[in-house]
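Structure first, then comments.
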Amino acid sequence: MTPVAEPQTLHRYDATRADEIETRWQRHWLASGAFRAPNPGDADFDPAKPKYYILDMFPYPSGAGLHVGHPEGYTATDIITRYKVACGFNVLHPMGWDAFGLPAEQYAVQTGVHPAITTQSAIDNFRRQLQRLGFRYDWSREFATIDPDYYRWTQWIWLRAYHSYYDTTSMRAMPIAELGARIEHDDALITLVDGSQVRWSASTPLQQQSHLDGFRLAYLGEQTVNWCPVLGTVLANEEIIDGRSERGGHPVFRLPLRQWMFRITAYAQRLLDDLTLVQWPDSTRAMQSQWIGRSEGAELRFEVEGFGDLTVFTTRPDTLFGATYMVVAPEHPIVEWVCSQGGAHRNATEEYVAWSRNRSDVDRQAESREKTGIALGVTAINPATREAIPVWIADYVLMAYGTGAIMAVPAHDERDFEFATRFDLPIRQVVAAKDGCAWTGERATSDEGIACHSSSTSISIDGMETAAATQKMIAWITTTGIGCARVNFRLRDWLFSRQRYWGEPFPIVFDQQGMHYPVAETALPVRLPALVDYTPIESDHPMPPLGKATQWVTTTAGEAGVDSSLLDADTPVRREINTMPGWAGSCWYYLRYCDPKNAARFADPTLQKYWMGERGVDLYIGGAEHAVLHLLYARFWHKLLFDLGEVFTPEPFAKLFHQGMITSFAFERADGSLLATDAVREESGKWFEIATGEPATRVIAKMSKSLKNVVTPDEVIAEYGADTLRLYEMSMGPLADSKPWNTRDIAGVFRFLQRVWRLAIDERTGEVLTARIVDPGVERQLHRTIHKVAQDIERLAFNTAIASLIELVNSATRPTEMKDPSQGGLTQDQMRRFLGVLAPFAPHMAEELWMQIGETGSVTTAPWPAFDASQLVADTIELPVQISGKIRARVLVPTGADASAIESIVLADMKVQELLAGRAPKKVIVVPQRMVNLLV
RNA sequence: AGGCCUGUGGCGGAAUUGGCAGACGCAGCGGACUUAAAAUCCGCAGAGUUCACCCUCAUCCGGGUUCAAGUCCCGGCGGGCCUACCA
């Protein structure tokens, strides 16, 4: 509770005063352009300064506004920004809005207000809340992804990908026109959808286009997609959790659909390799690397009579002799072939395929992974044993990974073992344990070992260790033409179409034959039409809402902006009605900040080169929930633009840091059920459920409406002010940790700010108070504080930096009984330096006192205060003396004393002599500056 | 099931490279000021024993390495996050 000011403390720092000070300086800073970061070429740009680009993850402005979790990362970047400016850097610290996407659309559908309106008010609210925290953003660079001037370039980048393919020899993106020209020149054979081959010159334009689509980095491909009928859209694999949509938790079904895709898999190796170039948390790099999922192994072909080759991917080609059956995914082409052949198994097969297709991932999960499957009724030849082995279908084999077919080695793979046991298929041991333990046959052994029972007339790997056996097997399958070594990635191509209204339109149209044509770059942006009815069409088949904009959809090539050399201007065309996913705008926003108003380019290369420098964004702070999705997508776009000569660093974000989550308290009954914070009462440090009187325990939980433990910045600012909120969030603990919000603790930092105020201002009169003479102890501590705060900011340890500021203020605080205030506190010069180090944390308080004590200019442009290294250490230090490892005494030694000097001081010490009682230590360990250990 | 992270007072946390465990803050206790209270200022404060000296025990539990372990190693237990039939 903020006390009401009494007459004798009219000038106390309280919530009212904080509000007055903060809003006044915020207005001043904004009006004077104090936070503008000049670009190279601007009149006030100083080229002598080094650059520093610090970025917060693009916020998605939700209708609910900020909660106290948001300002945690933003306060951290703000502190660093202000510190770096004080250290003489040109700092780029921008803010903007990731404003397209599903939540805005859903919110709009719920409220019946157009997403453009709800999004704009959410943005305005977010901006107001951020500005009320006094963050040093260069607001002149602000933009939103929904601005046509921005999404024009999102579309432009997509077109660049559309016009490119990945050249596997030079390992980079190249213009697709060059590939087309080469194919045309060679009149190469192209493979059609039905598998037949035809010369380029003899193929239709549609066939040619479809062939090139097989290379484009942004391409139209038929994919089994994750269809969510409730949301009315398809979702990326990453947007699905446990078979349900990440947003809303609705069931998701698989469905084949022609959709725009990104060939991110072409970049799998580079995305993996370049993780070594960035300074990112190990956990995040590990997650990306697991997501990319590189595995080395071999591709092997098994012959199926009448069908041809059934190709599998395996990481254990050394177990080929143990492959006693094969399994294909229900979507595998061989299944359709078998059905087309008729036969006894046809009906059962079709039934199984239909059943497994309709089964959502949720069901698969619910059935606790009990393996299901059915024999396909055909056999394949194991190329090593020449045995005919049965082919089965099972949905534990995924069409999207490898080739959609596996060779099953039940003896050495747990999944295959489970399946073989269930369906009574043969199990053959081909790897013996290294330790000689006998094979029991009771479970699969997937460890490496010694090959056995792996011999035929043409090859034997018996007695070889797994690694060597694998190598020999790969050599054999390569020379015999059965297969080859292969690297497989778990990463799949990125589904980029959404059946939504609130997203970037694709700059693409289709003619009546179904050929697609790009909109010319000069005709961008393709504006999102204003739609009155944007509600999703809930159906079993995807129906994008943009289809309702019939005037917009049905147009001519000329009207849509297709180059007339591609298509006659009056050719009737239909626009693409899918839109880009929410991720699109956040893939390159950090580039736009370098030059946000540029109408001719996405960013001027000179400006981009300056701010991005050699390694990209210097520090990127945001939540770990984006460890895979956003960060992988943005890296992919960046590498694509790098190949195309549009950006100049291999990676976008040099250093990454994740702030932890701010949690809250909730209460738990004895049975483990949760109670809202207003359902309990506290009594002498214990909690009881109000309704029943039963004891409850305090637990840490996520902030949620239902637990009534959500805290918003607005309410904290109203009670204490923004400086207190900032200080509290930073003092809670390490930035990276998840920490519980404890309203009671805020008073601690508020009282600290009141002591700072009282140090400089007489609470009764409002007069400025300064010490007349320098207290040498305080002076030394001030130097130490300046040094420590700088060090702590550099390592993002704001909590300990604040602790040292508090210690300094506590030392300088005047006792109540001090009659003459000039006898204590800080001198004006000391106060000036202290405000310099306080400013990054509590900028409003620092700015106000800066003015009050009569300093000129603004603390926001003042250089970081200097410290004297000789002041950091005292003349003498107290060292603990251990005797046989236990601390028994302490001695004072000169700070610079070396080991032998310390030893003689210690041995001469009365207390030590008494403790030794005449014994001579067997060994003396002296660690200067630390401690002494005497072993007796 | 696997991978990564984590466990320190009543609570949030500090201890940056193995070197005085518990900085700083909250809550608590005592004192000064006050008619009184609040606020402020000054102190106390890991646990234990007969005190404030001393001593003993203390960083989830059990081992180990070391002159020295919250920190390093091995095993176990608890909490969190991610992945989840990836062949």
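Quick note on naming: the chains in the structure tokens go A, B, ... in the order shown, residues restart at 1 in each chain, and ligands are numbered from 1 in order of appearance.
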Mind checking DSSP for segment 569-612 of chain A and telling me the strand (DSSP E or B) residues as a list of chain:residue names?
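Matching residues for strand (DSSP E or B) in segment 569-612 of chain A are A:Pro572, A:Val573, A:Arg574, A:Arg575, A:Thr579.
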Near segment 9-21 of chain B, counting only C-alpha atoms (C1' of nucleotides), which residues have an atom at most 7 Å away, once you skip same-chain residues fewer than 2 positions from it, shown as a VMD selection string?
(chain A and resid 732 to 733 880 930 to 931) or (chain B and resid 23 46 68 to 69 71)
So that I have them on file, write out the residues from the current selection with C-alpha atoms (C1' of nucleotides), as an mmCIF file, in the first residue's frame.
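New file part_32.cif:
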```cif
data_model
loop_
_atom_site.group_PDB
_atom_site.id
_atom_site.type_symbol
_atom_site.label_atom_id
_atom_site.label_comp_id
_atom_site.auth_asym_id
_atom_site.auth_seq_id
_atom_site.Cartn_x
_atom_site.Cartn_y
_atom_site.Cartn_z
ATOM 1 C CA MET A 732 13.429 -11.287 -9.027
ATOM 2 C CA GLY A 733 16.264 -13.568 -10.059
ATOM 3 C CA PRO A 880 40.110 -16.916 6.673
ATOM 4 C CA ARG A 930 41.164 -16.087 -0.883
ATOM 5 C CA MET A 931 42.244 -18.151 2.124
ATOM 6 C "C1'" A B 23 24.904 -11.023 -0.585
ATOM 7 C "C1'" G B 46 20.367 -21.131 8.795
ATOM 8 C "C1'" A B 68 39.458 -27.592 0.289
ATOM 9 C "C1'" A B 69 33.018 -29.429 -2.912
ATOM 10 C "C1'" U B 71 30.309 -25.927 -7.362
#
```
Let me make sure I understand: among B:G7, B:G63, B:G25, B:G2, which one has the smallest atom-to-atom distance to chain A if we use only C-alpha atoms (C1' of nucleotides)?
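For chain A, the nearest of the given residues is B:G25.
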Given the choices A:Ile577, A:Ala408, A:Ala400, A:Ile806, which gets closest to C86 of chain B if the distance is worked out from only C-alpha atoms (C1' of nucleotides)?
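The closest residue to C86 of chain B is A:Ala400.
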Nearest residue to chain A out of B:U8, B:U40, B:U59, B:U34, using only C-alpha atoms (C1' of nucleotides)?
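Nearest to chain A: B:U40.
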